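**Student:** Here you go, my_file26.txt (compact mmCIF, C-alpha atoms):
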# COMPACT_ATOMS: atom_id res chain seq x y z
CA MET A 4 -31.08 -22.70 -17.24
CA GLN A 5 -31.28 -25.41 -19.88
CA TYR A 6 -28.62 -27.71 -21.29
CA ILE A 7 -28.86 -29.11 -24.80
CA ASN A 8 -27.72 -32.40 -26.30
CA CYS A 9 -27.57 -34.26 -22.96
CA TYR A 10 -26.57 -37.85 -22.26
CA LYS A 11 -26.66 -40.20 -19.29
CA GLY A 12 -23.57 -42.14 -18.23
CA ARG A 13 -22.07 -44.19 -15.43
CA PHE A 14 -19.21 -42.63 -13.45
CA LEU A 15 -15.96 -44.60 -13.42
CA GLU A 16 -13.14 -42.49 -11.99
CA ARG A 17 -11.72 -38.97 -11.68
CA PRO A 18 -7.93 -38.93 -11.97
CA ASN A 19 -7.68 -35.16 -11.44
CA ARG A 20 -9.85 -32.06 -10.90
CA PHE A 21 -10.47 -31.43 -14.57
CA ILE A 22 -11.30 -34.77 -16.15
CA ALA A 23 -13.18 -37.95 -15.38
CA TYR A 24 -13.88 -41.24 -17.12
CA VAL A 25 -17.49 -42.19 -17.71
CA ASP A 26 -19.19 -45.17 -19.33
CA ILE A 27 -21.58 -43.91 -22.02
CA ASP A 28 -23.49 -46.66 -23.81
CA GLY A 29 -20.73 -49.15 -23.08
CA GLN A 30 -17.89 -46.88 -24.21
CA ARG A 31 -15.26 -45.49 -21.81
CA GLU A 32 -15.13 -41.72 -22.44
CA LYS A 33 -12.82 -39.05 -21.05
CA VAL A 34 -15.01 -36.08 -20.07
CA HIS A 35 -14.48 -32.58 -18.71
CA VAL A 36 -15.66 -32.00 -15.12
CA LYS A 37 -17.21 -28.52 -14.81
CA ASN A 38 -16.32 -28.24 -11.12
CA THR A 39 -12.82 -28.09 -9.65
CA GLY A 40 -14.12 -28.84 -6.14
CA ARG A 41 -13.68 -32.24 -4.55
CA CYS A 42 -17.26 -33.59 -4.94
CA LYS A 43 -15.98 -36.73 -3.19
CA GLU A 44 -19.35 -37.69 -1.75
CA ILE A 45 -21.05 -37.23 -5.14
CA LEU A 46 -18.74 -38.66 -7.79
CA LEU A 47 -18.61 -42.26 -6.63
CA PRO A 48 -18.01 -45.31 -8.83
CA ASP A 49 -21.08 -46.48 -10.75
CA VAL A 50 -23.34 -43.49 -9.92
CA ASP A 51 -25.46 -42.09 -12.73
CA VAL A 52 -24.07 -38.88 -14.20
CA TYR A 53 -25.41 -36.47 -16.78
CA LEU A 54 -23.38 -34.90 -19.53
CA GLU A 55 -23.72 -32.23 -22.18
CA LYS A 56 -22.08 -33.01 -25.50
CA SER A 57 -19.97 -30.22 -26.95
CA ASP A 58 -20.61 -28.94 -30.45
CA ASN A 59 -16.89 -28.20 -30.86
CA PRO A 60 -15.25 -31.13 -32.71
CA ALA A 61 -11.76 -29.77 -31.94
CA ARG A 62 -12.10 -30.26 -28.18
CA SER A 63 -10.04 -32.97 -26.49
CA THR A 64 -13.12 -34.01 -24.49
CA ALA A 65 -16.46 -34.38 -26.23
CA TYR A 66 -18.60 -34.11 -23.09
CA ASP A 67 -19.00 -31.91 -20.00
CA LEU A 68 -20.08 -33.64 -16.80
CA VAL A 69 -22.75 -31.34 -15.34
CA ALA A 70 -24.80 -33.35 -12.81
CA ALA A 71 -24.87 -36.58 -10.83
CA ARG A 72 -27.43 -38.63 -8.96
CA LYS A 73 -27.02 -38.96 -5.19
CA GLY A 74 -29.70 -41.12 -3.64
CA ASP A 75 -33.11 -39.77 -4.63
CA ARG A 76 -31.88 -36.41 -5.88
CA ILE A 77 -29.91 -35.07 -8.81
CA ILE A 78 -27.17 -32.62 -7.87
CA ASN A 79 -25.93 -30.14 -10.44
CA ILE A 80 -22.14 -29.80 -10.14
CA ASP A 81 -21.54 -27.32 -12.97
CA SER A 82 -19.72 -24.39 -11.35
CA GLN A 83 -20.98 -22.05 -14.09
CA ALA A 84 -24.63 -22.99 -13.60
CA PRO A 85 -25.38 -20.89 -10.46
CA ASN A 86 -24.51 -17.58 -12.14
CA LYS A 87 -26.50 -18.46 -15.25
CA ALA A 88 -29.52 -19.46 -13.15
CA VAL A 89 -29.24 -16.35 -10.97
CA LEU A 90 -29.12 -14.08 -14.02
CA GLU A 91 -32.38 -15.61 -15.29
CA TRP A 92 -33.86 -15.30 -11.78
CA LEU A 93 -32.90 -11.63 -11.45
CA LYS A 94 -34.19 -10.75 -14.91
CA ALA A 95 -37.48 -12.47 -14.07
CA GLY A 96 -37.88 -10.13 -11.08
CA ARG A 97 -37.65 -12.87 -8.46
CA LEU A 98 -35.39 -10.97 -6.03
CA PHE A 99 -36.91 -7.55 -6.75
CA PRO A 100 -39.62 -6.93 -9.35
CA ASP A 101 -38.45 -3.38 -10.04
CA LEU A 102 -34.78 -3.75 -10.98
CA THR A 103 -33.78 -1.21 -13.61
CA LEU A 104 -30.31 -2.66 -14.24
CA VAL A 105 -28.63 -6.04 -13.89
CA ARG A 106 -24.95 -6.28 -14.82
CA PRO A 107 -22.72 -9.34 -14.35
CA GLU A 108 -19.10 -9.23 -13.25
CA THR A 109 -18.67 -5.76 -11.73
CA THR A 110 -15.57 -4.53 -9.91
CA PHE A 111 -15.54 -2.99 -6.45
CA GLY A 112 -12.20 -2.32 -4.79
CA ASN A 113 -9.92 -5.25 -5.56
CA SER A 114 -12.73 -7.75 -6.12
CA ARG A 115 -15.06 -8.53 -8.97
CA PHE A 116 -18.52 -9.41 -7.71
CA ASP A 117 -20.89 -11.60 -9.66
CA PHE A 118 -23.71 -9.06 -10.14
CA TYR A 119 -24.38 -5.37 -9.79
CA ALA A 120 -28.02 -4.26 -9.87
CA GLU A 121 -30.02 -1.08 -9.42
CA ARG A 122 -33.55 -0.22 -8.38
CA GLU A 123 -34.97 3.14 -7.39
CA GLY A 124 -33.00 4.39 -4.40
CA GLU A 125 -30.68 1.36 -4.17
CA LYS A 126 -27.43 0.15 -5.68
CA ILE A 127 -26.86 -3.54 -5.08
CA PHE A 128 -23.99 -6.03 -5.19
CA ILE A 129 -24.66 -9.78 -5.23
CA GLU A 130 -21.97 -12.41 -4.77
CA VAL A 131 -23.06 -15.93 -5.79
CA LYS A 132 -21.70 -19.14 -4.27
CA GLY A 133 -22.70 -22.53 -5.66
CA VAL A 134 -23.29 -25.25 -3.07
CA THR A 135 -23.00 -28.96 -3.87
CA GLN A 136 -21.96 -30.46 -0.52
CA GLU A 137 -24.76 -32.20 1.38
CA ALA A 138 -24.99 -34.53 4.37
CA GLU A 139 -28.28 -35.64 5.95
CA ASP A 140 -30.12 -32.93 3.98
CA ILE A 141 -27.88 -30.18 5.41
CA VAL A 142 -25.91 -28.24 2.80
CA MET A 143 -22.55 -26.57 3.39
CA PHE A 144 -19.96 -24.31 1.80
CA PRO A 145 -17.06 -24.52 1.09
CA ASP A 146 -15.99 -28.11 0.48
CA ALA A 147 -12.33 -26.99 0.56
CA PRO A 148 -10.57 -23.97 2.14
CA SER A 149 -11.07 -20.86 0.00
CA ASP A 150 -9.06 -17.74 0.76
CA ARG A 151 -10.69 -16.12 -2.29
CA ALA A 152 -14.14 -16.58 -0.71
CA VAL A 153 -12.94 -14.91 2.51
CA LYS A 154 -11.52 -11.99 0.52
CA HIS A 155 -14.82 -11.56 -1.32
CA VAL A 156 -16.79 -11.50 1.94
CA GLU A 157 -14.44 -8.91 3.45
CA GLU A 158 -14.85 -6.66 0.43
CA LEU A 159 -18.63 -7.11 0.49
CA ILE A 160 -18.50 -5.66 4.01
CA GLN A 161 -16.59 -2.69 2.60
CA ALA A 162 -19.24 -2.25 -0.10
CA LYS A 163 -21.94 -2.27 2.60
CA HIS A 164 -20.08 0.45 4.50
CA ALA A 165 -19.83 2.43 1.24
CA GLY A 166 -23.63 2.56 1.01
CA TYR A 167 -24.49 -0.37 -1.25
CA ARG A 168 -27.09 -3.00 -0.45
CA VAL A 169 -25.14 -6.24 -0.42
CA PHE A 170 -26.09 -9.92 -0.70
CA VAL A 171 -24.25 -13.20 -0.50
CA LEU A 172 -26.49 -15.66 -2.34
CA PHE A 173 -25.82 -19.36 -1.81
CA VAL A 174 -27.30 -21.33 -4.70
CA ILE A 175 -28.05 -24.83 -3.48
CA GLN A 176 -27.59 -26.96 -6.59
CA MET A 177 -30.25 -29.47 -5.50
CA GLU A 178 -33.65 -29.45 -3.76
CA ASN A 179 -35.36 -30.79 -0.64
CA VAL A 180 -32.73 -29.70 1.89
CA ARG A 181 -33.21 -28.68 5.53
CA PHE A 182 -30.88 -25.69 5.91
CA PHE A 183 -27.60 -24.14 4.80
CA THR A 184 -24.61 -23.54 7.08
CA PRO A 185 -20.99 -22.54 6.45
CA ASN A 186 -18.63 -25.49 6.70
CA ARG A 187 -16.76 -24.48 9.85
CA GLN A 188 -14.82 -27.75 10.03
CA ILE A 189 -13.39 -27.23 6.55
CA HIS A 190 -12.74 -23.46 6.78
CA LYS A 191 -13.36 -21.72 10.10
CA GLU A 192 -12.08 -18.39 8.74
CA PHE A 193 -14.78 -18.29 6.07
CA ALA A 194 -17.51 -19.17 8.58
CA ASP A 195 -16.32 -16.40 10.91
CA SER A 196 -16.11 -13.84 8.10
CA LEU A 197 -19.62 -14.70 6.89
CA LYS A 198 -21.04 -14.30 10.40
CA LYS A 199 -19.24 -10.97 10.77
CA ALA A 200 -20.62 -9.82 7.41
CA SER A 201 -24.16 -10.67 8.49
CA GLU A 202 -23.71 -8.73 11.72
CA GLU A 203 -22.53 -5.71 9.70
CA GLY A 204 -25.53 -5.70 7.39
CA VAL A 205 -24.60 -7.98 4.50
CA GLU A 206 -27.68 -10.07 3.67
CA VAL A 207 -26.85 -13.78 3.60
CA ILE A 208 -29.52 -15.73 1.73
CA ALA A 209 -29.84 -19.19 0.18
CA TYR A 210 -32.13 -20.73 -2.44
CA ASP A 211 -32.49 -24.31 -3.50
CA CYS A 212 -32.91 -25.31 -7.13
CA THR A 213 -35.17 -27.55 -9.14
CA VAL A 214 -32.64 -29.80 -10.87
CA THR A 215 -33.28 -32.25 -13.70
CA GLU A 216 -30.95 -34.19 -15.95
CA ASP A 217 -30.72 -31.18 -18.28
CA SER A 218 -31.77 -28.06 -16.34
CA MET A 219 -31.43 -26.04 -13.13
CA VAL A 220 -33.77 -23.27 -11.94
CA LEU A 221 -33.77 -21.34 -8.63
CA HIS A 222 -36.75 -22.47 -6.59
CA GLU A 223 -37.38 -21.64 -2.91
CA PRO A 224 -35.56 -19.88 -0.03
CA VAL A 225 -33.58 -22.12 2.30
CA GLU A 226 -32.97 -21.37 5.98
CA VAL A 227 -29.48 -20.04 6.74
CA ARG A 228 -27.81 -20.94 10.03
CA LEU A 229 -24.56 -19.10 10.64
In structure tokens, what does this structure look like?
**Tutor:**
Amino acid sequence: MQYINCYKGRFLERPNRFIAYVDIDGQREKVHVKNTGRCKEILLPDVDVYLEKSDNPARSTAYDLVAARKGDRIINIDSQAPNKAVLEWLKAGRLFPDLTLVRPETTFGNSRFDFYAEREGEKIFIEVKGVTQEAEDIVMFPDAPSDRAVKHVEELIQAKHAGYRVFVLFVIQMENVRFFTPNRQIHKEFADSLKKASEEGVEVIAYDCTVTEDSMVLHEPVEVRL
């Protein structure tokens, strides 16, 4: 997944979930943050951030903030990036080389899952969760309570019982991490529902990503500890 027309800046502040102020070449710019999560441990004053300039002159913000440097790594914080990267990954045959169909945004029950796929003898649902929270090379999800995430996991269990092969795919929006675990301290209910889903046959997997200033690509499997 490749961005175009990218710029480097210096993070200043984030007054709300949707916008931030960034120094770009000495100019204070209001930019759109493509992640409504907290990202408190990432978006710190004076860190390097990476932005994509919009080609829409009518927008109130000229740039989207898509990534930030944390220590030695760049973390992609664009909440739309995981699904775009997973679509490329699926079409390249990285999960299964023999998929005959890949379709984004498909409804089952009262939920809309990120991907529906087919291969001979199998119908598959894949729910994608982007992961940006990291501490001591351990990555976690969610970074805030998410009733919607719990609902999705519960309906993935129903899909498994209905005969589908079902995955929850955690896309780690960085590389060189030790393992993934649900953030039980932030949302115990989600951690419990994910463990239950695994016990009932939902496949919980995680992949890290190769992240640069202007790209993100799924890379290698990451150990999951529930």
**Student:** Extract, using only C-alpha atoms, all DNA, RNA and protein residues at most 7 Å from region 205-210 of chain A, discarding same-chain residues fewer than 4 positions from it, and format them as an MDAnalysis selection string.
**Tutor:** chainID A and resid 160 163 169:175 200:201 221:227
**Student:** Write the residues you've just listed into a file as a compact mmCIF listing (two decimals), in the coordinates of the input, and include C-alpha atoms for each of them.
**Tutor:**
# COMPACT_ATOMS: atom_id res chain seq x y z
CA ILE A 160 -18.50 -5.66 4.01
CA LYS A 163 -21.94 -2.27 2.60
CA VAL A 169 -25.14 -6.24 -0.42
CA PHE A 170 -26.09 -9.92 -0.70
CA VAL A 171 -24.25 -13.20 -0.50
CA LEU A 172 -26.49 -15.66 -2.34
CA PHE A 173 -25.82 -19.36 -1.81
CA VAL A 174 -27.30 -21.33 -4.70
CA ILE A 175 -28.05 -24.83 -3.48
CA ALA A 200 -20.62 -9.82 7.41
CA SER A 201 -24.16 -10.67 8.49
CA LEU A 221 -33.77 -21.34 -8.63
CA HIS A 222 -36.75 -22.47 -6.59
CA GLU A 223 -37.38 -21.64 -2.91
CA PRO A 224 -35.56 -19.88 -0.03
CA VAL A 225 -33.58 -22.12 2.30
CA GLU A 226 -32.97 -21.37 5.98
CA VAL A 227 -29.48 -20.04 6.74
**Student:** Measuring between all atoms listed in the file, which one of A:Lys132, A:Arg228, A:Arg76, A:Arg13 shows the shortest distance to Asp49 (chain A)?
**Tutor:**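 Nearest candidate to Asp49 (chain A) out of A:Lys132, A:Arg228, A:Arg76, A:Arg13: A:Arg13.
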**Student:** Pick from A:Gln5, A:Thr64, A:Asn79, A:Asn179: nearest to Asp217 (chain A), with all atoms listed in the file counted?
**Tutor:**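 When distances to Asp217 (chain A) are compared using all atoms listed in the file, the smallest one comes from A:Gln5.
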**Student:** Between CA of Ala61 (chain A) and CA of Ile22 (chain A), what is the distance in Å, rounded to a tenth?
**Tutor:** 16.6 Å
**Student:** What gap, in Å, lies between CA of Leu15 (chain A) and CA of Lys43 (chain A)?
**Tutor:**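 Value for the CA of Leu15 (chain A)-CA of Lys43 (chain A) distance: 12.9 Å.
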**Student:** Given the point (-24.3, -28.6, 3.2) in the file's coordinates, find the residues that have an atom at most 10 Å from it, counting all atoms listed in the file, and give them as a list in words.
**Tutor:**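 Residues with an atom close enough to that point: Val134, Thr135, Gln136, Glu137, Ala138, Glu139, Asp140, Ile141, Val142, Met143, Phe144, Pro145, Asp146, Ile175, Val180, Arg181, Phe182, Phe183, Thr184, Pro185 and Asn186 of chain A.
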**Student:** Find, counting all atoms listed in the file, the residue in A:Asp117, A:Glu32, A:Glu123, A:Asp150 that gets nearest to Asp101 (chain A).
**Tutor:**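 Checking each of A:Asp117, A:Glu32, A:Glu123, A:Asp150 against Asp101 (chain A), counting all atoms listed in the file, the winner is A:Glu123.
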**Student:** Compile the contact shell of Ala162 (chain A) as a compact mmCIF listing (two decimals) with C-alpha atoms, in the frame of the given file: residues with an atom at most 12 Å away, counting all atoms listed in the file, same-chain residues fewer than 4 positions apart removed.
**Tutor:**
# COMPACT_ATOMS: atom_id res chain seq x y z
CA THR A 110 -15.57 -4.53 -9.91
CA PHE A 111 -15.54 -2.99 -6.45
CA GLY A 112 -12.20 -2.32 -4.79
CA ASN A 113 -9.92 -5.25 -5.56
CA SER A 114 -12.73 -7.75 -6.12
CA ARG A 115 -15.06 -8.53 -8.97
CA PHE A 116 -18.52 -9.41 -7.71
CA TYR A 119 -24.38 -5.37 -9.79
CA LYS A 126 -27.43 0.15 -5.68
CA ILE A 127 -26.86 -3.54 -5.08
CA PHE A 128 -23.99 -6.03 -5.19
CA ILE A 129 -24.66 -9.78 -5.23
CA GLU A 130 -21.97 -12.41 -4.77
CA HIS A 155 -14.82 -11.56 -1.32
CA VAL A 156 -16.79 -11.50 1.94
CA GLU A 157 -14.44 -8.91 3.45
CA GLU A 158 -14.85 -6.66 0.43
CA GLY A 166 -23.63 2.56 1.01
CA TYR A 167 -24.49 -0.37 -1.25
CA ARG A 168 -27.09 -3.00 -0.45
CA VAL A 169 -25.14 -6.24 -0.42
CA PHE A 170 -26.09 -9.92 -0.70
CA ALA A 200 -20.62 -9.82 7.41
CA GLU A 203 -22.53 -5.71 9.70
CA GLY A 204 -25.53 -5.70 7.39
CA VAL A 205 -24.60 -7.98 4.50
**Student:** When you count only C-alpha atoms, which of these residues is closest to Thr213 (chain A): A:Gln188, A:Gln176, A:Ser57, A:Ser149?
**Tutor:**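 With only C-alpha atoms as the atom set, the closest residue is A:Gln176.
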**Student:** Please indicate the distance in Å from CA of Val153 (chain A) to CA of Phe193 (chain A), rounded to one decimal place.
**Tutor:**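 These two atoms are separated by 5.2 Å.
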**Student:** Which one of A:Leu90, A:Ala95, A:Cys212, A:Leu47 sits closest to Glu108 (chain A) if you count only C-alpha atoms?
**Tutor:** A:Leu90
